[in-house]
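> Data: query-v9.pdb, PDB, C-alpha atoms.
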```pdb
ATOM      1  CA  MET I   1      -4.536  62.568  33.014
ATOM      2  CA  SER I   2      -4.921  60.935  29.598
ATOM      3  CA  ILE I   3      -2.309  58.911  27.808
ATOM      4  CA  LEU I   4      -1.987  61.518  25.060
ATOM      5  CA  SER I   5      -0.881  64.222  27.538
ATOM      6  CA  ILE I   6       2.055  62.304  28.960
ATOM      7  CA  SER I   7       5.272  64.254  28.441
ATOM      8  CA  ALA I   8       8.797  63.028  28.281
ATOM      9  CA  SER I   9       9.675  64.654  31.607
ATOM     10  CA  SER I  10       6.797  63.088  33.513
ATOM     11  CA  SER I  11       7.487  59.704  32.004
ATOM     12  CA  SER I  12      11.121  59.883  33.046
ATOM     13  CA  SER I  13      10.121  60.717  36.646
ATOM     14  CA  LEU I  14       7.696  57.834  36.877
ATOM     15  CA  LEU I  15       9.917  55.314  35.100
ATOM     16  CA  PRO I  16      13.526  56.412  35.547
ATOM     17  CA  ASN I  17      15.019  53.390  33.802
ATOM     18  CA  VAL I  18      12.687  53.536  30.759
ATOM     19  CA  SER I  19      12.965  56.191  28.066
ATOM     20  CA  PHE I  20      10.180  56.506  25.477
ATOM     21  CA  SER I  21       8.527  59.239  23.481
ATOM     22  CA  SER I  22       4.861  60.201  23.420
ATOM     23  CA  SER I  23       4.615  59.638  19.667
ATOM     24  CA  LYS I  24       5.709  56.004  19.934
ATOM     25  CA  CYS I  25       3.371  55.440  22.870
ATOM     26  CA  CYS I  26       0.387  56.882  21.044
ATOM     27  CA  SER I  27       1.152  55.040  17.826
ATOM     28  CA  SER I  28       1.205  51.712  19.648
ATOM     29  CA  PHE I  29      -2.337  52.282  20.971
ATOM     30  CA  LEU I  30      -3.775  53.806  17.813
ATOM     31  CA  THR I  31      -2.408  51.258  15.313
ATOM     32  CA  PRO I  32      -4.617  48.136  15.240
ATOM     33  CA  PRO I  33      -2.895  44.740  15.148
ATOM     34  CA  THR I  34      -2.807  42.887  11.872
ATOM     35  CA  HIS I  35      -4.817  39.641  11.821
ATOM     36  CA  THR I  36      -5.029  37.036   9.122
ATOM     37  CA  ASN I  37      -8.665  36.286   9.969
ATOM     38  CA  SER I  38     -11.721  38.550  10.041
ATOM     39  CA  ASN I  39     -12.182  38.398  13.838
ATOM     40  CA  PRO I  40      -9.368  40.320  15.623
ATOM     41  CA  PHE I  41     -10.087  38.589  18.934
ATOM     42  CA  LEU I  42      -9.235  35.116  17.604
ATOM     43  CA  PRO I  43      -5.606  33.937  17.891
ATOM     44  CA  ILE I  44      -3.448  34.247  14.826
ATOM     45  CA  VAL I  45      -2.842  30.825  13.278
ATOM     46  CA  LYS I  46       0.144  30.538  10.985
ATOM     47  CA  SER I  47      -0.387  28.350   7.976
ATOM     48  CA  LYS I  48       2.046  25.459   7.753
ATOM     49  CA  LYS I  49       3.619  24.728   4.423
ATOM     50  CA  LYS I  50       2.778  21.268   3.191
ATOM     51  CA  LYS I  51       5.766  19.108   2.537
ATOM     52  CA  PRO I  52       5.893  17.491  -0.887
ATOM     53  CA  VAL I  53       4.817  13.876  -0.784
ATOM     54  CA  GLY I  54       7.482  11.600  -2.218
ATOM     55  CA  VAL I  55       7.190   8.196  -3.815
ATOM     56  CA  THR I  56       6.789   5.544  -1.122
ATOM     57  CA  MET I  57       6.531   2.484  -3.362
ATOM     58  CA  SER I  58       9.283  -0.032  -2.678
ATOM     59  CA  VAL I  59      11.745  -1.075  -5.347
ATOM     60  CA  GLU I  60      11.211  -4.524  -6.832
ATOM     61  CA  ALA I  61      14.027  -7.006  -7.391
ATOM     62  CA  GLY I  62      12.964  -7.303 -11.034
ATOM     63  CA  ILE I  63      10.040  -7.131 -13.419
ATOM     64  CA  GLY I  64       7.109  -9.400 -12.638
ATOM     65  CA  VAL I  65       3.800 -10.464 -14.130
ATOM     66  CA  MET I  66       0.163 -10.855 -13.154
ATOM     67  CA  ALA I  67      -1.641 -14.178 -13.141
ATOM     68  CA  THR I  68      -4.864 -15.947 -12.118
ATOM     69  CA  LYS I  69      -5.138 -18.504  -9.343
ATOM     70  CA  LEU I  70      -6.639 -21.794 -10.534
ATOM     71  CA  GLY I  71      -6.479 -24.056  -7.475
ATOM     72  CA  MET I  72      -4.278 -26.437  -5.471
ATOM     73  CA  MET I  73      -3.038 -29.962  -6.082
ATOM     74  CA  SER I  74      -0.303 -32.397  -5.100
ATOM     75  CA  PHE I  75       2.878 -32.587  -7.157
ATOM     76  CA  PHE I  76       5.132 -35.641  -7.058
ATOM     77  CA  GLU I  77       8.817 -34.934  -7.392
ATOM     78  CA  PRO I  78      11.119 -37.458  -9.149
ATOM     79  CA  ASN I  79      12.276 -38.801  -5.774
ATOM     80  CA  GLY I  80       8.659 -39.536  -4.774
ATOM     81  CA  LYS I  81       8.203 -36.613  -2.400
ATOM     82  CA  VAL I  82       4.726 -35.059  -2.401
ATOM     83  CA  VAL I  83       4.678 -31.268  -2.562
ATOM     84  CA  PRO I  84       1.501 -29.169  -2.166
ATOM     85  CA  VAL I  85       1.418 -26.642  -4.997
ATOM     86  CA  THR I  86      -0.873 -23.892  -6.246
ATOM     87  CA  VAL I  87      -1.617 -23.925  -9.956
ATOM     88  CA  VAL I  88      -1.463 -20.481 -11.541
ATOM     89  CA  GLY I  89      -2.717 -19.714 -15.047
ATOM     90  CA  PHE I  90      -2.371 -16.763 -17.402
ATOM     91  CA  LYS I  91      -5.022 -14.926 -19.376
ATOM     92  CA  GLU I  92      -4.307 -12.640 -22.301
ATOM     93  CA  GLY I  93      -2.200  -9.711 -21.176
ATOM     94  CA  ASN I  94       1.039  -8.973 -19.312
ATOM     95  CA  ILE I  95       1.776  -6.189 -21.776
ATOM     96  CA  VAL I  96       3.859  -3.104 -20.992
ATOM     97  CA  THR I  97       1.469  -0.136 -21.137
ATOM     98  CA  GLN I  98       3.799   2.623 -19.882
ATOM     99  CA  VAL I  99       7.456   3.181 -19.057
ATOM    100  CA  LYS I 100       8.002   5.812 -16.364
ATOM    101  CA  THR I 101      11.355   7.567 -16.042
ATOM    102  CA  GLU I 102      13.066   9.758 -13.476
ATOM    103  CA  ALA I 103      12.826  12.755 -15.802
ATOM    104  CA  THR I 104       9.086  12.542 -16.513
ATOM    105  CA  ASP I 105       7.589  10.969 -13.379
ATOM    106  CA  GLY I 106      10.266  11.268 -10.698
ATOM    107  CA  TYR I 107      11.022   7.527 -10.528
ATOM    108  CA  ASP I 108      11.735   4.569 -12.791
ATOM    109  CA  ALA I 109       8.925   2.046 -13.181
ATOM    110  CA  VAL I 110       7.227  -0.193 -15.721
ATOM    111  CA  GLN I 111       3.428  -0.369 -15.879
ATOM    112  CA  VAL I 112       1.995  -3.735 -16.924
ATOM    113  CA  GLY I 113      -1.562  -4.512 -18.053
ATOM    114  CA  TYR I 114      -3.379  -7.817 -17.683
ATOM    115  CA  ARG I 115      -6.624  -9.539 -18.724
ATOM    116  CA  ARG I 116      -8.224  -8.396 -21.958
ATOM    117  CA  VAL I 117     -11.770  -7.016 -21.773
ATOM    118  CA  ARG I 118     -14.262  -5.403 -24.130
ATOM    119  CA  ASP I 119     -13.938  -1.742 -25.007
ATOM    120  CA  ARG I 120     -17.198  -0.820 -23.306
ATOM    121  CA  LYS I 121     -15.899  -2.205 -20.006
ATOM    122  CA  LEU I 122     -13.373   0.648 -19.723
ATOM    123  CA  THR I 123     -13.796   4.400 -19.435
ATOM    124  CA  LYS I 124     -12.650   6.795 -22.132
ATOM    125  CA  PRO I 125      -9.625   7.985 -20.110
ATOM    126  CA  GLU I 126      -8.569   4.362 -19.592
ATOM    127  CA  MET I 127      -8.999   3.602 -23.269
ATOM    128  CA  GLY I 128      -7.020   6.702 -24.235
ATOM    129  CA  HIS I 129      -4.182   5.705 -21.910
ATOM    130  CA  LEU I 130      -3.965   2.231 -23.469
ATOM    131  CA  GLN I 131      -4.347   3.488 -27.055
ATOM    132  CA  LYS I 132      -1.433   5.850 -26.468
ATOM    133  CA  ALA I 133       0.761   2.795 -25.870
ATOM    134  CA  GLY I 134      -0.842   0.906 -28.766
ATOM    135  CA  SER I 135      -2.146  -1.768 -26.395
ATOM    136  CA  ILE I 136      -5.355  -3.798 -26.359
ATOM    137  CA  PRO I 137      -8.046  -3.036 -23.717
ATOM    138  CA  LEU I 138      -6.831  -4.425 -20.393
ATOM    139  CA  ARG I 139      -8.611  -4.615 -17.053
ATOM    140  CA  HIS I 140      -5.756  -4.508 -14.524
ATOM    141  CA  LEU I 141      -2.807  -2.098 -14.497
ATOM    142  CA  GLN I 142       0.037  -2.442 -11.996
ATOM    143  CA  GLU I 143       3.471  -0.883 -11.676
ATOM    144  CA  PHE I 144       6.826  -2.476 -10.969
ATOM    145  CA  ARG I 145       9.322   0.072  -9.693
ATOM    146  CA  LEU I 146      12.771  -0.968 -10.891
ATOM    147  CA  GLN I 147      16.345   0.181 -10.491
ATOM    148  CA  SER I 148      16.784   0.177 -14.271
ATOM    149  CA  ILE I 149      14.196   0.291 -17.051
ATOM    150  CA  ASP I 150      16.559  -0.484 -19.917
ATOM    151  CA  GLY I 151      15.099  -2.864 -22.486
ATOM    152  CA  PHE I 152      11.420  -2.079 -21.840
ATOM    153  CA  GLU I 153       9.155  -0.309 -24.309
ATOM    154  CA  PRO I 154       5.373   0.228 -24.596
ATOM    155  CA  ASN I 155       3.263  -2.629 -26.011
ATOM    156  CA  GLN I 156       5.980  -5.161 -25.160
ATOM    157  CA  LYS I 157       4.774  -8.661 -24.354
ATOM    158  CA  LEU I 158       6.115 -10.229 -21.153
ATOM    159  CA  SER I 159       6.410 -14.008 -21.013
ATOM    160  CA  PHE I 160       6.656 -15.851 -17.701
ATOM    161  CA  ASP I 161       8.985 -18.581 -18.948
ATOM    162  CA  GLU I 162      11.428 -15.932 -20.213
ATOM    163  CA  LEU I 163      11.512 -14.098 -16.885
ATOM    164  CA  PHE I 164      11.515 -17.055 -14.476
ATOM    165  CA  ASN I 165      12.893 -20.584 -14.328
ATOM    166  CA  GLU I 166      12.019 -23.666 -12.334
ATOM    167  CA  GLY I 167      13.509 -23.435  -8.871
ATOM    168  CA  ASP I 168      13.399 -19.633  -8.676
ATOM    169  CA  ILE I 169      12.135 -17.934  -5.523
ATOM    170  CA  VAL I 170       9.262 -15.457  -5.956
ATOM    171  CA  ASP I 171       7.014 -13.167  -3.923
ATOM    172  CA  VAL I 172       3.278 -13.502  -4.609
ATOM    173  CA  SER I 173       0.762 -10.787  -3.679
ATOM    174  CA  GLY I 174      -3.014 -10.982  -3.714
ATOM    175  CA  THR I 175      -6.250 -10.317  -1.842
ATOM    176  CA  THR I 176      -7.130 -12.820   0.854
ATOM    177  CA  ILE I 177     -10.536 -14.498   1.131
ATOM    178  CA  GLY I 178     -13.014 -12.307   3.007
ATOM    179  CA  LYS I 179     -14.390 -13.943   6.157
ATOM    180  CA  GLY I 180     -16.727 -11.169   7.300
ATOM    181  CA  PHE I 181     -17.097 -10.102  10.951
ATOM    182  CA  GLN I 182     -15.464 -12.717  13.157
ATOM    183  CA  GLY I 183     -14.782 -13.134  16.879
ATOM    184  CA  GLY I 184     -11.504 -13.209  18.739
ATOM    185  CA  ILE I 185     -11.131 -17.002  18.629
ATOM    186  CA  LYS I 186     -11.315 -17.272  14.848
ATOM    187  CA  ARG I 187      -9.645 -13.948  14.062
ATOM    188  CA  HIS I 188      -6.742 -13.984  16.551
ATOM    189  CA  ASN I 189      -6.607 -17.648  17.691
ATOM    190  CA  PHE I 190      -7.737 -16.847  21.248
ATOM    191  CA  LYS I 191      -8.520 -19.680  23.671
ATOM    192  CA  ARG I 192     -12.058 -20.166  24.858
ATOM    193  CA  GLY I 193     -13.249 -20.644  28.415
ATOM    194  CA  GLN I 194     -14.595 -23.809  29.982
ATOM    195  CA  MET I 195     -17.892 -25.055  28.597
ATOM    196  CA  THR I 196     -18.868 -26.755  31.901
ATOM    197  CA  HIS I 197     -18.240 -26.511  35.681
ATOM    198  CA  GLY I 198     -20.370 -23.384  35.965
ATOM    199  CA  SER I 199     -18.251 -21.240  33.703
ATOM    200  CA  LYS I 200     -20.143 -18.375  32.044
ATOM    201  CA  SER I 201     -17.242 -17.298  29.826
ATOM    202  CA  HIS I 202     -17.145 -19.477  26.735
ATOM    203  CA  ARG I 203     -16.173 -17.537  23.607
ATOM    204  CA  ALA I 204     -16.374 -14.015  25.012
ATOM    205  CA  LEU I 205     -13.424 -11.670  24.619
ATOM    206  CA  GLY I 206     -12.896 -10.969  28.318
ATOM    207  CA  SER I 207     -11.140  -7.951  29.785
ATOM    208  CA  ILE I 208     -10.065  -5.308  27.286
ATOM    209  CA  GLY I 209      -8.228  -3.009  29.723
ATOM    210  CA  ALA I 210      -8.100  -1.464  33.184
ATOM    211  CA  GLY I 211     -10.705   0.901  34.646
ATOM    212  CA  THR I 212      -9.669   4.301  35.958
ATOM    213  CA  THR I 213      -6.119   4.059  34.680
ATOM    214  CA  PRO I 214      -5.881   4.397  31.730
ATOM    215  CA  GLY I 215      -9.671   4.454  31.444
ATOM    216  CA  ARG I 216      -9.601   3.605  27.751
ATOM    217  CA  VAL I 217      -8.823   0.808  25.332
ATOM    218  CA  TYR I 218      -5.342   0.844  23.849
ATOM    219  CA  LYS I 219      -5.064   1.249  20.094
ATOM    220  CA  GLY I 220      -4.308  -1.969  18.272
ATOM    221  CA  LYS I 221      -6.094  -4.139  20.818
ATOM    222  CA  LYS I 222      -6.938  -7.527  19.328
ATOM    223  CA  MET I 223     -10.729  -7.625  19.250
ATOM    224  CA  PRO I 224     -13.511  -8.987  17.055
ATOM    225  CA  GLY I 225     -13.825  -7.327  13.672
ATOM    226  CA  ARG I 226     -13.759  -7.822   9.931
ATOM    227  CA  MET I 227     -11.429 -10.602   8.913
ATOM    228  CA  GLY I 228      -9.783 -11.166   5.541
ATOM    229  CA  GLY I 229     -10.341  -9.326   2.291
ATOM    230  CA  THR I 230      -7.006  -7.508   2.597
ATOM    231  CA  LYS I 231      -3.939  -7.390   0.398
ATOM    232  CA  THR I 232      -1.122  -9.649   1.543
ATOM    233  CA  LYS I 233       2.177 -10.954   0.230
ATOM    234  CA  ILE I 234       3.566 -14.465   0.601
ATOM    235  CA  ARG I 235       7.340 -14.268   0.361
ATOM    236  CA  LYS I 236      10.037 -16.619  -0.905
ATOM    237  CA  LEU I 237       7.962 -19.308  -2.599
ATOM    238  CA  LYS I 238       9.597 -21.810  -4.927
ATOM    239  CA  ILE I 239       8.557 -22.371  -8.544
ATOM    240  CA  VAL I 240       8.156 -26.135  -8.824
ATOM    241  CA  LYS I 241       6.988 -26.558 -12.430
ATOM    242  CA  ILE I 242       6.495 -24.434 -15.562
ATOM    243  CA  ASP I 243       4.220 -26.081 -18.147
ATOM    244  CA  LYS I 244       4.436 -24.235 -21.462
ATOM    245  CA  ASP I 245       1.875 -26.487 -23.181
ATOM    246  CA  LEU I 246      -0.865 -25.822 -20.608
ATOM    247  CA  ASN I 247       0.395 -22.280 -19.949
ATOM    248  CA  VAL I 248       0.358 -22.829 -16.177
ATOM    249  CA  VAL I 249       2.866 -22.540 -13.346
ATOM    250  CA  MET I 250       3.005 -24.574 -10.141
ATOM    251  CA  ILE I 251       4.220 -22.705  -7.060
ATOM    252  CA  LYS I 252       4.928 -24.474  -3.785
ATOM    253  CA  GLY I 253       2.551 -23.614  -0.945
ATOM    254  CA  ALA I 254      -0.709 -21.720  -0.644
ATOM    255  CA  LEU I 255      -1.388 -18.381  -2.348
ATOM    256  CA  PRO I 256      -3.827 -15.629  -1.289
ATOM    257  CA  GLY I 257      -7.450 -15.687  -2.391
ATOM    258  CA  LYS I 258      -9.802 -18.204  -3.923
ATOM    259  CA  PRO I 259      -9.667 -19.675  -7.452
ATOM    260  CA  GLY I 260      -9.993 -16.912 -10.019
ATOM    261  CA  ASN I 261      -8.202 -14.373  -7.819
ATOM    262  CA  LEU I 262      -5.706 -11.918  -9.329
ATOM    263  CA  LEU I 263      -2.095 -12.531  -8.306
ATOM    264  CA  ARG I 264       1.070 -10.475  -8.685
ATOM    265  CA  ILE I 265       4.258 -12.517  -9.090
ATOM    266  CA  ALA I 266       7.663 -10.855  -8.762
ATOM    267  CA  PRO I 267      11.209 -12.027  -7.970
ATOM    268  CA  ALA I 268      11.775 -12.455  -4.242
ATOM    269  CA  LYS I 269      13.444  -9.455  -2.655
ATOM    270  CA  ILE I 270      16.617 -10.299  -0.729
ATOM    271  CA  VAL I 271      18.216  -7.264   0.866
ATOM    272  CA  GLY I 272      21.856  -6.893  -0.043
ATOM    273  CA  LYS I 273      21.638  -9.471  -2.821
ATOM    274  CA  ASN I 274      19.220  -8.223  -5.498
ATOM    275  CA  ILE I 275      18.083  -4.957  -3.878
ATOM    276  CA  PRO I 276      20.266  -2.357  -2.089
ATOM    277  CA  LYS I 277      20.343  -2.190   1.708
ATOM    278  CA  SER I 278      19.261   1.460   1.662
TER
END
```
Represent the structure contained in this file as structure tokens.

Amino acid sequence: MSILSISASSSSSLLPNVSFSSSKCCSSFLTPPTHTNSNPFLPIVKSKKKKPVGVTMSVEAGIGVMATKLGMMSFFEPNGKVVPVTVVGFKEGNIVTQVKTEATDGYDAVQVGYRRVRDRKLTKPEMGHLQKAGSIPLRHLQEFRLQSIDGFEPNQKLSFDELFNEGDIVDVSGTTIGKGFQGGIKRHNFKRGQMTHGSKSHRALGSIGAGTTPGRVYKGKKMPGRMGGTKTKIRKLKIVKIDKDLNVVMIKGALPGKPGNLLRIAPAKIVGKNIPKS
């Protein structure tokens, strides 16, 4: 007996607790399932809606500037104390190239340009962006996301001595010196093995995990690899001296990179004091 010849009476005798009609039964077999892909035998995969990516840049405690690392020296305080300082200089730049608002860009920020270059060193889109603000050709552009952008306008010159004073605490960001591929001793301060008494483990890494369980190397394991050449921030450094005649600043301690490296100097962020806890 075929499926099409099943009657309501026979179906009720076979399945007393189930009531269905022949038309519904036939339609379920004759109607093909709807698939989103061309192959009906593949499982249906529902497309997930992508969530909008929000702004993840942290809020600065205030507007900052960019500078160039010159080197290190010793500074003698009036009481005779010797303080190691890094001398930071300024090239032509630190000009406001764009003011971003909540209405136009979704957040409040000030874009600053630094280090003047020739026109042919920049692309036409970069030149058009700077000409729109009426600025000179600048090599580096960085943003400072602020809580308020009142008082800033395009092509405004930012002066370090007007923004900071001697004794202020700042955060300095830059790219560290690249060391290349290094071993565990130099990269992670591991201890080496004995060099004598028959030891065959001198500077080798050693065990990197168990065998059968888990049978793999955990992610984040400290191992040899490329060292340096990454962006880092040194927090809460003190401004020791501001020399307006030489146009240099002396900051206590060491700063990232080698002489000539680009630095980003901003007011130190202290949660609950100059930036909100949230």
> Which residues are near stretch 265-276 of chain I? Cut-off 9 Å, all atoms listed in the file, ignore same chain within fewer than 5 positions. Put them as a PyMOL selection string.
chain I and resi 59-67+144+147+164+168-173+235-237
> With only C-alpha atoms as the counted atoms, please give the residues lying no more than 12 Å from I:Thr101, apart from itself and same-chain residues fewer than 3 positions off, as JSON, numbers by chain.
{"I": [98, 104, 105, 106, 107, 108, 109, 110, 111, 145, 146, 147, 148, 149, 150, 152, 153]}
> Please indicate the distance in Å from atom CA of I:Leu163 to atom CA of I:Ser74, rounded to one decimal place.
24.8 Å
> Record the distance separating atom CA of I:Gly178 and atom CA of I:Thr86, expressed in Å with one decimal.
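Distance reported for this atom pair: 19.2 Å.
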> Please measure the separation of atom CA of I:Lys252 and atom CA of I:Ile177, giving the value in Å to one decimal.
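Atom CA of I:Ile177 lies at a distance of 19.0 Å from atom CA of I:Lys252.
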> Would you mind telling me which residue in I:Val112, I:Leu158, I:Val240, I:Leu130 lies nearest to I:Glu143 when using all atoms listed in the file?
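That would be I:Val112, the residue with the smallest distance to I:Glu143.
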> Please enumerate the residues selected by the PyMOL selection byres ((chain I and resi 116) around 8) when evaluated against the supplied file, formatted as a ChimeraX atom specification.
/I:91-93,114-115,117-118,136-139
> So which one's closest to I:Val249, I:Thr123, I:Gln131, I:Thr196, I:Asn165? Using only C-alpha atoms, please.
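Nearest to I:Val249: I:Asn165.
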> Starting from the shown file, work through the PyMOL selection byres ((chain I and resi 85) around 12) and note down what comes out as a VMD selection string.
chain I and resid 69 to 77 82 to 84 86 to 88 237 to 242 248 to 255
> Every residue with an atom at most 9 Å from (-12.9, -6.8, 21.3) (file coordinates; only C-alpha atoms) is what I'm after, so could you write them as a ChimeraX atom specification?
/I:183-184,204-208,221-225
> List the residues matched by the PyMOL selection byres ((chain I and resi 261) around 9) in the displayed structure as a list of chain:residue names, ordered by chain and then by residue number.
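When the PyMOL selection byres ((chain I and resi 261) around 9) is applied to the shown file, the picked residues are I:Ala67, I:Thr68, I:Lys69, I:Leu70, I:Gly174, I:Thr175, I:Thr176, I:Pro256, I:Gly257, I:Lys258, I:Pro259, I:Gly260, I:Leu262, I:Leu263.
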> With C-alpha atoms retained, export the selected residues as a compact mmCIF listing (two decimals), in the coordinates of the input.

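Now in out06.txt:
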```txt
# COMPACT_ATOMS: atom_id res chain seq x y z
CA ALA I 67 -1.64 -14.18 -13.14
CA THR I 68 -4.86 -15.95 -12.12
CA LYS I 69 -5.14 -18.50 -9.34
CA LEU I 70 -6.64 -21.79 -10.53
CA GLY I 174 -3.01 -10.98 -3.71
CA THR I 175 -6.25 -10.32 -1.84
CA THR I 176 -7.13 -12.82 0.85
CA PRO I 256 -3.83 -15.63 -1.29
CA GLY I 257 -7.45 -15.69 -2.39
CA LYS I 258 -9.80 -18.20 -3.92
CA PRO I 259 -9.67 -19.68 -7.45
CA GLY I 260 -9.99 -16.91 -10.02
CA LEU I 262 -5.71 -11.92 -9.33
CA LEU I 263 -2.10 -12.53 -8.31
```
> Return the single residue from I:Met227, I:Glu126, I:Pro154, I:Ser159 that is closest to I:Ile185, with distances computed using only C-alpha atoms.
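Checking each candidate against I:Ile185, we get I:Met227 as the closest.
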